[in-house]
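Structure first, then comments.
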Amino acid sequence: MDALKARSLDSGIPAFGVSRYFERYISHDLHVTDLRLLFQDLGWRDWTSERQLLERDHMFHRPDGVLTVRGMKIAIEFENKITKGKARYQKLFETYDSHDGYKLIFVIILGDIRDWLLDLKYDARKLWFADYEDLMNEKGKTLFENKRGEFELSRLL
């Protein structure tokens, strides 16, 4: 929290209380925070957290974060290993396909689920995948891909 406040990134929402699921979700949340800080370093500072989307905006389905870049909303989903089955990912992708609020959806993957995620049904104009480790190391040079193509993140910077 202190690191976020030092960078003027705290939302003003009271500190999160520890729940019985804390151990299960802390790794995920720390990786999402790393993504948020990486995007800030790339010049994208307008980030809305999942918690803000829930507590302030009262959204039912919410991504791990939303970047707003030149007025364009980009949903960020971070996946660390297989935590959902294929059917659940398919439903998630269908929800995004029918949601006009997000211009792009970035699914950042840590683990070996990329290949079968790429093969699911989704709107390839909106939904793009990238490897977490590649993004942390390559930053703006990272390739985002889906079943129809790829692009380098720097195209959006």
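Note on naming: chains are A, B, ... as they come in the structure tokens, residues start from 1 per chain, ligands start from 1 in the order shown.
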* To do: List every residue of range 45-147 of chain A that DSSP, applied to the backbone of this structure, assigns to strand (DSSP E or B), and report them as a VMD selection string.
  => chain A and resid 47 to 49 65 to 69 72 to 80 104 to 110 127 to 131 143 to 146
Keeping only N, CA and C atoms, write the selected residues to a file as a CSV table (one decimal), in the first residue's frame.
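So the final result, stored in again-v2.csv, reads:
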```
chain,number,residue,atom,x,y,z
A,47,TRP,N,-5.5,3.6,-14.3
A,47,TRP,CA,-5.8,2.2,-13.9
A,47,TRP,C,-7.0,2.2,-12.9
A,48,THR,N,-8.0,1.3,-13.2
A,48,THR,CA,-9.1,1.1,-12.3
A,48,THR,C,-8.9,-0.4,-11.8
A,49,SER,N,-8.8,-0.5,-10.5
A,49,SER,CA,-8.6,-1.9,-9.9
A,49,SER,C,-9.9,-2.7,-9.9
A,65,GLY,N,-8.3,-5.5,-13.7
A,65,GLY,CA,-8.0,-4.1,-13.8
A,65,GLY,C,-8.5,-3.6,-15.1
A,66,VAL,N,-8.6,-2.3,-15.2
A,66,VAL,CA,-9.0,-1.6,-16.5
A,66,VAL,C,-8.0,-0.5,-16.7
A,67,LEU,N,-7.4,-0.5,-17.8
A,67,LEU,CA,-6.6,0.6,-18.3
A,67,LEU,C,-7.4,1.5,-19.2
A,68,THR,N,-7.3,2.8,-19.0
A,68,THR,CA,-7.9,3.7,-20.0
A,68,THR,C,-6.8,4.4,-20.7
A,69,VAL,N,-6.7,4.2,-22.0
A,69,VAL,CA,-5.6,4.7,-22.8
A,69,VAL,C,-6.3,5.6,-23.9
A,72,MET,N,-9.8,4.9,-24.5
A,72,MET,CA,-10.1,3.5,-24.8
A,72,MET,C,-9.9,2.6,-23.6
A,73,LYS,N,-10.9,1.9,-23.2
A,73,LYS,CA,-10.8,1.0,-22.1
A,73,LYS,C,-10.3,-0.4,-22.5
A,74,ILE,N,-9.3,-0.8,-21.7
A,74,ILE,CA,-8.7,-2.1,-22.0
A,74,ILE,C,-8.8,-3.0,-20.7
A,75,ALA,N,-9.6,-4.1,-20.8
A,75,ALA,CA,-9.7,-5.0,-19.6
A,75,ALA,C,-8.5,-5.8,-19.5
A,76,ILE,N,-8.0,-5.9,-18.3
A,76,ILE,CA,-6.8,-6.8,-18.0
A,76,ILE,C,-7.2,-8.0,-17.1
A,77,GLU,N,-6.9,-9.1,-17.7
A,77,GLU,CA,-7.2,-10.4,-16.9
A,77,GLU,C,-5.8,-11.1,-16.7
A,78,PHE,N,-5.5,-11.4,-15.5
A,78,PHE,CA,-4.3,-12.1,-15.2
A,78,PHE,C,-4.6,-13.5,-14.8
A,79,GLU,N,-4.0,-14.5,-15.4
A,79,GLU,CA,-4.3,-15.9,-15.1
A,79,GLU,C,-3.0,-16.6,-14.7
A,80,ASN,N,-2.9,-17.1,-13.5
A,80,ASN,CA,-1.7,-17.8,-13.1
A,80,ASN,C,-2.0,-19.3,-12.9
A,104,LEU,N,-10.5,-3.4,-25.9
A,104,LEU,CA,-9.6,-4.6,-26.0
A,104,LEU,C,-9.6,-5.3,-24.7
A,105,ILE,N,-9.3,-6.6,-24.7
A,105,ILE,CA,-9.1,-7.4,-23.5
A,105,ILE,C,-7.7,-8.0,-23.6
A,106,PHE,N,-6.9,-7.8,-22.6
A,106,PHE,CA,-5.5,-8.4,-22.5
A,106,PHE,C,-5.6,-9.5,-21.5
A,107,VAL,N,-5.3,-10.7,-21.9
A,107,VAL,CA,-5.2,-11.8,-21.0
A,107,VAL,C,-3.7,-12.1,-20.8
A,108,ILE,N,-3.2,-11.8,-19.6
A,108,ILE,CA,-1.8,-12.0,-19.3
A,108,ILE,C,-1.7,-13.4,-18.6
A,109,ILE,N,-0.8,-14.3,-19.1
A,109,ILE,CA,-0.8,-15.7,-18.6
A,109,ILE,C,0.5,-16.0,-18.0
A,110,LEU,N,0.5,-16.6,-16.8
A,110,LEU,CA,1.6,-17.1,-16.2
A,110,LEU,C,1.4,-18.6,-16.0
A,127,LEU,N,-9.8,-9.7,-28.1
A,127,LEU,CA,-9.1,-10.4,-27.1
A,127,LEU,C,-7.7,-10.9,-27.5
A,128,TRP,N,-6.7,-10.5,-26.7
A,128,TRP,CA,-5.3,-10.8,-27.0
A,128,TRP,C,-4.6,-11.4,-25.8
A,129,PHE,N,-3.6,-12.2,-26.0
A,129,PHE,CA,-2.9,-13.0,-25.0
A,129,PHE,C,-1.4,-12.6,-25.0
A,130,ALA,N,-0.9,-12.6,-23.8
A,130,ALA,CA,0.6,-12.3,-23.7
A,130,ALA,C,1.1,-13.1,-22.5
A,131,ASP,N,2.3,-13.5,-22.5
A,131,ASP,CA,3.0,-14.2,-21.4
A,131,ASP,C,3.5,-13.2,-20.4
A,143,LEU,N,5.0,-9.3,-27.5
A,143,LEU,CA,4.1,-9.7,-28.6
A,143,LEU,C,2.8,-10.2,-27.9
A,144,PHE,N,1.7,-9.5,-28.3
A,144,PHE,CA,0.4,-10.0,-27.9
A,144,PHE,C,-0.2,-10.8,-29.1
A,145,GLU,N,-0.8,-11.9,-28.8
A,145,GLU,CA,-1.3,-12.8,-29.9
A,145,GLU,C,-2.7,-13.3,-29.7
A,146,ASN,N,-3.3,-13.7,-30.7
A,146,ASN,CA,-4.5,-14.5,-30.6
A,146,ASN,C,-4.5,-15.5,-31.8
```
* To do: Kindly give the distance, in Å, that separates CA of Gly140 in chain A and CA of Glu152 in chain A, rounded to a single decimal.
  =>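 Between CA of Gly140 in chain A and CA of Glu152 in chain A the gap is 7.1 Å.
Using only C-alpha atoms, the smallest distance between any of A:Tyr102, A:Leu153, A:Lys139, A:Asp112 and Arg125 in chain A comes from A:Tyr102.
The spacing separating CA of His61 in chain A from CA of Phe39 in chain A amounts to 22.3 Å.
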* Asked: Could you pull out the alpha helix (DSSP H) residues of range 1-132 of chain A from DSSP and send them as a ChimeraX atom specification?
  -> /A:2-6,22-41,50-55,86-97,114-118,132
I need the residues from that last selection saved to file as a compact mmCIF listing (two decimals), in the first residue's frame (with N, CA and C atoms), if you can.
```txt
# COMPACT_ATOMS: atom_id res chain seq x y z
N ASP A 2 1.96 1.22 0.74
CA ASP A 2 2.84 2.38 0.78
C ASP A 2 3.44 2.66 -0.59
N ALA A 3 3.79 1.60 -1.34
CA ALA A 3 4.35 1.78 -2.68
C ALA A 3 3.33 2.44 -3.60
N LEU A 4 2.07 2.05 -3.47
CA LEU A 4 1.02 2.65 -4.30
C LEU A 4 0.80 4.11 -3.91
N LYS A 5 0.77 4.40 -2.61
CA LYS A 5 0.58 5.79 -2.17
C LYS A 5 1.74 6.66 -2.62
N ALA A 6 2.96 6.13 -2.56
CA ALA A 6 4.14 6.90 -2.97
C ALA A 6 4.06 7.28 -4.44
N PHE A 22 -7.04 -15.29 1.89
CA PHE A 22 -5.86 -14.45 1.67
C PHE A 22 -4.71 -15.22 1.03
N GLU A 23 -4.34 -16.34 1.59
CA GLU A 23 -3.20 -17.11 1.07
C GLU A 23 -3.42 -17.55 -0.38
N ARG A 24 -4.65 -17.87 -0.69
CA ARG A 24 -4.98 -18.35 -2.03
C ARG A 24 -4.84 -17.27 -3.09
N TYR A 25 -5.17 -16.03 -2.73
CA TYR A 25 -5.22 -14.96 -3.71
C TYR A 25 -4.04 -14.00 -3.69
N ILE A 26 -3.20 -14.05 -2.69
CA ILE A 26 -2.14 -13.05 -2.56
C ILE A 26 -1.18 -13.08 -3.75
N SER A 27 -0.81 -14.26 -4.23
CA SER A 27 0.09 -14.34 -5.37
C SER A 27 -0.53 -13.68 -6.60
N HIS A 28 -1.79 -13.97 -6.84
CA HIS A 28 -2.50 -13.36 -7.97
C HIS A 28 -2.50 -11.84 -7.83
N ASP A 29 -2.85 -11.35 -6.66
CA ASP A 29 -2.93 -9.90 -6.44
C ASP A 29 -1.58 -9.22 -6.59
N LEU A 30 -0.52 -9.86 -6.13
CA LEU A 30 0.82 -9.28 -6.28
C LEU A 30 1.23 -9.22 -7.75
N HIS A 31 0.90 -10.24 -8.51
CA HIS A 31 1.20 -10.21 -9.95
C HIS A 31 0.40 -9.11 -10.66
N VAL A 32 -0.85 -8.94 -10.28
CA VAL A 32 -1.66 -7.87 -10.87
C VAL A 32 -1.07 -6.51 -10.52
N THR A 33 -0.59 -6.34 -9.29
CA THR A 33 0.07 -5.09 -8.90
C THR A 33 1.32 -4.86 -9.74
N ASP A 34 2.10 -5.91 -9.98
CA ASP A 34 3.27 -5.79 -10.86
C ASP A 34 2.87 -5.33 -12.25
N LEU A 35 1.77 -5.86 -12.76
CA LEU A 35 1.29 -5.45 -14.09
C LEU A 35 0.90 -3.97 -14.08
N ARG A 36 0.19 -3.57 -13.03
CA ARG A 36 -0.22 -2.17 -12.92
C ARG A 36 1.00 -1.24 -12.92
N LEU A 37 2.03 -1.59 -12.16
CA LEU A 37 3.24 -0.76 -12.10
C LEU A 37 3.99 -0.78 -13.43
N LEU A 38 4.00 -1.92 -14.11
CA LEU A 38 4.64 -1.99 -15.43
C LEU A 38 3.92 -1.07 -16.42
N PHE A 39 2.59 -1.14 -16.45
CA PHE A 39 1.84 -0.28 -17.37
C PHE A 39 2.05 1.19 -17.02
N GLN A 40 2.15 1.51 -15.73
CA GLN A 40 2.44 2.89 -15.35
C GLN A 40 3.80 3.32 -15.89
N ASP A 41 4.79 2.46 -15.76
CA ASP A 41 6.13 2.78 -16.28
C ASP A 41 6.13 2.96 -17.79
N GLU A 50 -9.80 -3.98 -9.74
CA GLU A 50 -10.97 -4.85 -9.59
C GLU A 50 -11.77 -4.42 -8.36
N ARG A 51 -11.09 -4.07 -7.31
CA ARG A 51 -11.76 -3.67 -6.08
C ARG A 51 -12.55 -2.37 -6.27
N GLN A 52 -11.97 -1.42 -7.01
CA GLN A 52 -12.70 -0.19 -7.30
C GLN A 52 -13.93 -0.49 -8.16
N LEU A 53 -13.77 -1.38 -9.13
CA LEU A 53 -14.90 -1.74 -9.99
C LEU A 53 -16.03 -2.34 -9.17
N LEU A 54 -15.70 -3.11 -8.15
CA LEU A 54 -16.70 -3.73 -7.29
C LEU A 54 -17.29 -2.72 -6.31
N GLU A 55 -16.45 -2.07 -5.53
CA GLU A 55 -16.93 -1.24 -4.43
C GLU A 55 -17.42 0.14 -4.86
N LYS A 86 -11.98 -25.05 -18.95
CA LYS A 86 -12.22 -24.48 -20.28
C LYS A 86 -13.60 -23.86 -20.40
N ALA A 87 -14.60 -24.52 -19.86
CA ALA A 87 -15.97 -24.00 -19.95
C ALA A 87 -16.09 -22.64 -19.27
N ARG A 88 -15.40 -22.48 -18.16
CA ARG A 88 -15.47 -21.20 -17.44
C ARG A 88 -14.75 -20.09 -18.21
N TYR A 89 -13.60 -20.42 -18.82
CA TYR A 89 -12.93 -19.43 -19.67
C TYR A 89 -13.78 -19.09 -20.88
N GLN A 90 -14.43 -20.09 -21.48
CA GLN A 90 -15.28 -19.83 -22.63
C GLN A 90 -16.40 -18.87 -22.27
N LYS A 91 -17.01 -19.09 -21.12
CA LYS A 91 -18.08 -18.19 -20.66
C LYS A 91 -17.54 -16.77 -20.43
N LEU A 92 -16.36 -16.68 -19.84
CA LEU A 92 -15.73 -15.38 -19.62
C LEU A 92 -15.50 -14.66 -20.95
N PHE A 93 -14.97 -15.37 -21.94
CA PHE A 93 -14.71 -14.77 -23.25
C PHE A 93 -16.01 -14.35 -23.93
N GLU A 94 -17.07 -15.13 -23.78
CA GLU A 94 -18.37 -14.77 -24.35
C GLU A 94 -18.91 -13.50 -23.70
N THR A 95 -18.69 -13.37 -22.40
CA THR A 95 -19.11 -12.15 -21.70
C THR A 95 -18.40 -10.94 -22.28
N TYR A 96 -17.10 -11.05 -22.51
CA TYR A 96 -16.36 -9.94 -23.10
C TYR A 96 -16.78 -9.68 -24.54
N ASP A 97 -17.08 -10.73 -25.29
CA ASP A 97 -17.51 -10.56 -26.68
C ASP A 97 -18.77 -9.70 -26.77
N ARG A 114 -1.57 -21.24 -22.27
CA ARG A 114 -1.72 -20.40 -23.45
C ARG A 114 -2.29 -21.12 -24.66
N ASP A 115 -1.75 -22.28 -24.98
CA ASP A 115 -2.14 -22.96 -26.22
C ASP A 115 -3.63 -23.28 -26.26
N TRP A 116 -4.16 -23.83 -25.19
CA TRP A 116 -5.58 -24.16 -25.26
C TRP A 116 -6.47 -22.94 -25.08
N LEU A 117 -6.00 -21.88 -24.44
CA LEU A 117 -6.78 -20.64 -24.39
C LEU A 117 -6.89 -20.02 -25.78
N LEU A 118 -5.79 -20.04 -26.52
CA LEU A 118 -5.81 -19.48 -27.88
C LEU A 118 -6.84 -20.17 -28.77
N TYR A 132 3.15 -13.50 -19.13
CA TYR A 132 3.52 -12.60 -18.04
C TYR A 132 5.03 -12.36 -17.99
```
* Can you work out the spacing between CA of Asp119 in chain A and CA of Lys147 in chain A in Å, to one decimal? => 6.7 Å
